[in-house]
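J.: For reference, the structure I am asking about is given below.
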Amino acid sequence: MAGKATSSREEGRLASRLRERDPVALRQTYDQLGRITFGFLLKTLGDRGAAEDVQQQVFLEVWRRAESFDPERGSLLTWVMTIARSRAIDHLRRRVPEPLDPETAATRTDAGGGAEEIEELAEQWRLRDLLDRLPEAEAEMLRLRFYGELTQSEISAREGIPLGTVKTRMFNGLRRLREMIDEEDGS
Amino acid sequence: MNEASEQISAYLLGELDPERAADFERRLAGDAELREEVEWLRPLVGRLERMPAEAWEPAEPPPLAMPPEVGTESAPAERGPGRRRLRLPTLTLRPLPAAGLATLLVAIGLVAGLLVAGGGSAEPDSGAELVLGRIDDGPAGASGDVEVAANDSRATLVVEGLDPNGSDQFYEAWLLDADGKMIALGSFRVGEDGRAEVQVPIPVSPAQYTFFDVSLQEDNGDPAHSGVSVLRGSTS
């Protein structure tokens with residue numbers, strides 16, 4: 001058994017502590033989700049400074065609106081990502097056009113293209129968080145396949161793991177991740 | 001894993017040669033259950049394929065700036081008598097026998113110091129390692145250790161020899177003090193092998209607490225420590 005110790009029960013408790021204005025709970029929420037929201041904001045806004053500013057706004061809002069989070073209606077991840085997406089859209093709408101850094105121009109143009117693209121990015125980052133909750137061996141298979149772009153045979157050869165084990169971990173990882181998505185979405 | 005499962009992932013990952021892919025598609029056409037499974041997993045594979053490279057290697061976020069009003073509040077665990085009391089009716093901090101203490105409650109030292117000095121070959125973010133020993137309610141042979149990351153923000157907890165959880169039970173990791181101050185770090189379950197490895201966030205410096213503790217909790221919605229500790233180790 002491995003992975004992040006996260007469960008809906010735990011989330012419920014964290015949410016209660018946030019509502020009780022427990023600063024430790026805010027730090028804990030940031031530890032759990034700060035990388036995900038920041039990654040999403042960085043990709044969406046294409047500007048580290050802006051992403052850092054909006055990141056702080058997001059968690060300020062998490063703190064101030066904690067009582068509006070209802071674990072029965074969705075996960076903490078979904079709620080925080082909804083706030084991050086809204087603040088990202090606000091920021092892009094407010095921004096005065098300026099010369100783009102060629103390194104980030106494509107991202108910013110794409111992200112600024114519309115709410116749909118931002119929604120898609122938010123979904124991808126939500127998926128990223130769920131990947132962290134998989135057993136490590138299964139998450140690693142998915143990383144090698146989809147990020148490393150290796151086939152299952154190549155993973156087996158490179159990692160020295162029997163092909164059958166690679167296939168089992170790959171299938172189990174996909175299935176488990178899909179179940180997590182269904183649970184997140186309440187289906 | 002059966003052959004169908006193996007073929008499902010190979011098919012979705014585009015790793016079947018054209019002939020086997022065609023065979024599989026013929027099979028799909030005649031097998032509703034198999035088709036349902038494939039269609040359930042297919043969008044996920046698409047999402048993983050579209051996942052931005054940055055998501056696989058996320059950038060480090062900036063430190064959290066606490067809201068200005070937090071300066072006038074303190075954590076519930078640190079408030080005065082008016083705070084919501086953590087219930088400890090049955091929790092007693094039972095010291096281990098002295099002999100056991102020497103072997104079980106040993107903090108092994110800070111690897112981080114070695115890393116800063118450029119010595120050692122430990123993992124880059126390795127920090128203190130704490131050894132957990134069985135406490136009265138723990139099964140014989142139970143043990144555990146905790147590796148706290150050098151920046152104290154998370155820890156890896158490995159436990160062995162614990163009783164498998166029933167369907168209405170789970171284990172919970174805590175930082176706690178002899179005066180009853182405590183913070184829950186995360187829950188986990190143990191299967192038939194009696195073993196678990198989990199990462200838990202460490203939102204405060206472990207040095208502020210005396211013990212790292214693992215409790216057995218009933219799944220009854222009560223967030224308080226059950227008072228049934230199975231493993232414990234000193235944080236210093």
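Letters for chains follow the order of the structure tokens (A, B, ...), residue numbers begin at 1 for each chain, and ligand numbers begin at 1 in the order shown.
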Once DSSP has gone over the backbone, tell me which residues of region 3-89 of chain A are in alpha helix (DSSP H), as number ranges by chain.

T.: A: 8-19, 23-45, 48-64, 76-89

J.: With 7 Å as the limit and counting only C-alpha atoms, what residues in chain A lie close to chain B? Please list them as a compact mmCIF listing (two decimals) with C-alpha atoms, in the first residue's frame.

T.:
```
# COMPACT_ATOMS: atom_id res chain seq x y z
CA MET A 1 0.00 0.00 0.00
CA ALA A 2 1.46 3.36 -0.93
CA GLY A 3 0.54 6.86 -1.96
CA LYS A 4 -0.69 10.07 -0.47
CA ALA A 5 -2.76 9.61 2.65
CA THR A 6 -5.83 11.37 1.36
CA GLU A 10 -9.69 13.35 5.84
CA ARG A 13 -11.90 16.97 8.69
CA ASP A 22 -7.41 26.94 11.90
CA PRO A 23 -4.33 28.38 10.15
CA VAL A 24 -2.63 24.99 10.30
CA ARG A 27 -1.11 25.37 5.49
CA GLN A 28 -2.08 21.73 5.17
CA ASP A 31 0.82 21.63 1.12
CA GLY A 34 -0.47 24.39 -3.76
CA ARG A 35 1.65 22.65 -6.40
CA PHE A 38 0.38 26.91 -9.00
CA GLY A 39 1.18 24.63 -11.93
CA GLU A 52 2.42 33.84 -7.80
CA GLN A 56 -1.97 33.93 -3.08
CA LEU A 60 -6.78 33.87 0.59
CA GLN A 124 -5.65 18.24 -16.54
CA TRP A 125 -4.23 19.61 -13.32
CA ARG A 128 -2.38 15.46 -11.96
CA PHE A 146 2.61 9.11 -21.01
CA TYR A 147 5.43 11.47 -20.09
CA LYS A 167 1.08 -4.61 -17.95
CA THR A 168 -0.63 -5.39 -14.65
CA PHE A 171 -3.94 -1.60 -16.30
CA ARG A 178 -10.58 6.25 -13.64
```

J.: Compile the contact shell of Tyr209 (chain B) as an MDAnalysis selection string: residues with an atom at most 9 Å away, counting only C-alpha atoms, same-chain residues fewer than 3 positions apart removed.

T.: chainID B and resid 175:178 181:182 205:206 212 234:236

J.: Within 8 Å of Val80 (chain A), counting only C-alpha atoms, which residues qualify if same-chain residues fewer than 5 places away don't, as a PyMOL selection string?

T.: chain A and resi 37+58+62

J.: Save the residues we just selected, C-alpha atoms, as an mmCIF file, in the first residue's frame?

T.:
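File result-v3.cif, as written:
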```
data_model
loop_
_atom_site.group_PDB
_atom_site.id
_atom_site.type_symbol
_atom_site.label_atom_id
_atom_site.label_comp_id
_atom_site.auth_asym_id
_atom_site.auth_seq_id
_atom_site.Cartn_x
_atom_site.Cartn_y
_atom_site.Cartn_z
ATOM 1 C CA THR A 37 -2.967 25.238 -8.391
ATOM 2 C CA VAL A 58 -6.684 31.769 -4.451
ATOM 3 C CA VAL A 62 -9.955 29.468 0.354
#
```

J.: What lies within 10 Å of Arg126 (chain A) using only C-alpha atoms, ignoring chain neighbours under 2 positions off, as a PDB file with N, CA and C atoms, in the first residue's frame?

T.:
```pdb
ATOM      1  N   LEU A  33      -2.351  21.011  -2.082  1.00  0.00           N
ATOM      2  CA  LEU A  33      -2.866  21.450  -3.384  1.00  0.00           C
ATOM      3  C   LEU A  33      -2.101  22.606  -4.002  1.00  0.00           C
ATOM      4  N   ILE A  36      -0.445  21.976  -7.343  1.00  0.00           N
ATOM      5  CA  ILE A  36      -1.399  21.768  -8.439  1.00  0.00           C
ATOM      6  C   ILE A  36      -1.942  23.109  -8.916  1.00  0.00           C
ATOM      7  N   THR A  37      -2.402  23.945  -7.970  1.00  0.00           N
ATOM      8  CA  THR A  37      -2.967  25.238  -8.391  1.00  0.00           C
ATOM      9  C   THR A  37      -1.888  26.099  -9.028  1.00  0.00           C
ATOM     10  N   PHE A  40      -1.120  24.939 -12.528  1.00  0.00           N
ATOM     11  CA  PHE A  40      -2.218  25.332 -13.412  1.00  0.00           C
ATOM     12  C   PHE A  40      -2.136  26.824 -13.729  1.00  0.00           C
ATOM     13  N   LEU A  77     -10.312  19.400  -3.656  1.00  0.00           N
ATOM     14  CA  LEU A  77      -9.538  19.661  -4.878  1.00  0.00           C
ATOM     15  C   LEU A  77     -10.407  20.384  -5.908  1.00  0.00           C
ATOM     16  N   THR A  78     -11.599  19.871  -6.133  1.00  0.00           N
ATOM     17  CA  THR A  78     -12.479  20.478  -7.135  1.00  0.00           C
ATOM     18  C   THR A  78     -12.839  21.904  -6.739  1.00  0.00           C
ATOM     19  N   VAL A  80     -11.161  24.008  -4.740  1.00  0.00           N
ATOM     20  CA  VAL A  80     -10.006  24.917  -4.842  1.00  0.00           C
ATOM     21  C   VAL A  80      -9.667  25.185  -6.317  1.00  0.00           C
ATOM     22  N   MET A  81      -9.777  24.163  -7.147  1.00  0.00           N
ATOM     23  CA  MET A  81      -9.493  24.368  -8.578  1.00  0.00           C
ATOM     24  C   MET A  81     -10.533  25.281  -9.228  1.00  0.00           C
ATOM     25  N   GLU A 120     -10.185  23.050 -19.665  1.00  0.00           N
ATOM     26  CA  GLU A 120      -9.452  21.826 -20.026  1.00  0.00           C
ATOM     27  C   GLU A 120      -8.143  21.729 -19.218  1.00  0.00           C
ATOM     28  N   LEU A 121      -7.463  22.886 -19.102  1.00  0.00           N
ATOM     29  CA  LEU A 121      -6.225  22.884 -18.318  1.00  0.00           C
ATOM     30  C   LEU A 121      -6.506  22.562 -16.846  1.00  0.00           C
ATOM     31  N   ALA A 122      -7.576  23.140 -16.329  1.00  0.00           N
ATOM     32  CA  ALA A 122      -7.925  22.872 -14.920  1.00  0.00           C
ATOM     33  C   ALA A 122      -8.195  21.382 -14.720  1.00  0.00           C
ATOM     34  N   GLU A 123      -8.872  20.788 -15.688  1.00  0.00           N
ATOM     35  CA  GLU A 123      -9.153  19.348 -15.603  1.00  0.00           C
ATOM     36  C   GLU A 123      -7.862  18.543 -15.619  1.00  0.00           C
ATOM     37  N   GLN A 124      -6.921  18.959 -16.459  1.00  0.00           N
ATOM     38  CA  GLN A 124      -5.650  18.241 -16.537  1.00  0.00           C
ATOM     39  C   GLN A 124      -4.903  18.316 -15.214  1.00  0.00           C
ATOM     40  N   ARG A 128      -3.752  15.555 -12.477  1.00  0.00           N
ATOM     41  CA  ARG A 128      -2.381  15.456 -11.957  1.00  0.00           C
ATOM     42  C   ARG A 128      -2.386  15.167 -10.463  1.00  0.00           C
ATOM     43  N   ASP A 129      -3.285  15.827  -9.750  1.00  0.00           N
ATOM     44  CA  ASP A 129      -3.375  15.599  -8.312  1.00  0.00           C
ATOM     45  C   ASP A 129      -3.801  14.166  -8.017  1.00  0.00           C
ATOM     46  N   LEU A 130      -4.733  13.667  -8.805  1.00  0.00           N
ATOM     47  CA  LEU A 130      -5.206  12.295  -8.581  1.00  0.00           C
ATOM     48  C   LEU A 130      -4.091  11.288  -8.845  1.00  0.00           C
ATOM     49  N   LEU A 131      -3.243  11.597  -9.814  1.00  0.00           N
ATOM     50  CA  LEU A 131      -2.106  10.710 -10.095  1.00  0.00           C
ATOM     51  C   LEU A 131      -1.233  10.531  -8.852  1.00  0.00           C
ATOM     52  N   ILE A 181     -11.523   9.417 -10.635  1.00  0.00           N
ATOM     53  CA  ILE A 181     -12.196  10.502 -11.367  1.00  0.00           C
ATOM     54  C   ILE A 181     -13.702  10.389 -11.154  1.00  0.00           C
ATOM     55  N   GLU A 184     -14.497  11.578  -7.731  1.00  0.00           N
ATOM     56  CA  GLU A 184     -14.380  13.048  -7.687  1.00  0.00           C
ATOM     57  C   GLU A 184     -15.608  13.711  -8.309  1.00  0.00           C
TER      58      GLU A 184
ATOM     59  N   ALA B  55       2.819  19.439 -16.085  1.00  0.00           N
ATOM     60  CA  ALA B  55       2.019  18.773 -15.056  1.00  0.00           C
ATOM     61  C   ALA B  55       2.739  17.543 -14.513  1.00  0.00           C
TER      62      ALA B  55
END
```

J.: Could you work out how far CA of Arg73 (chain A) lies from CA of Leu14 (chain A), giving the answer in Å with one decimal?

T.: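 Spanning CA of Leu14 (chain A) to CA of Arg73 (chain A) is a straight-line distance of 15.2 Å.
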
J.: Can you work out which one of A:Leu174, A:Met180, A:Leu163, A:Leu142 has the shortest atom-to-atom distance to Val38 (chain B), counting only C-alpha atoms?

T.: A:Leu174

J.: CA of Leu127 (chain A) to CA of Ala66 (chain A): how many Å, to one decimal?

T.: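 According to the coordinates, CA of Leu127 (chain A) and CA of Ala66 (chain A) are separated by 22.9 Å.
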
J.: Could you tell me how far CA of Asp136 (chain B) sits from CA of Ser229 (chain B), in Å to one decimal place?

T.: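 Atom-to-atom, CA of Ser229 (chain B) and CA of Asp136 (chain B) are spaced 7.4 Å apart.
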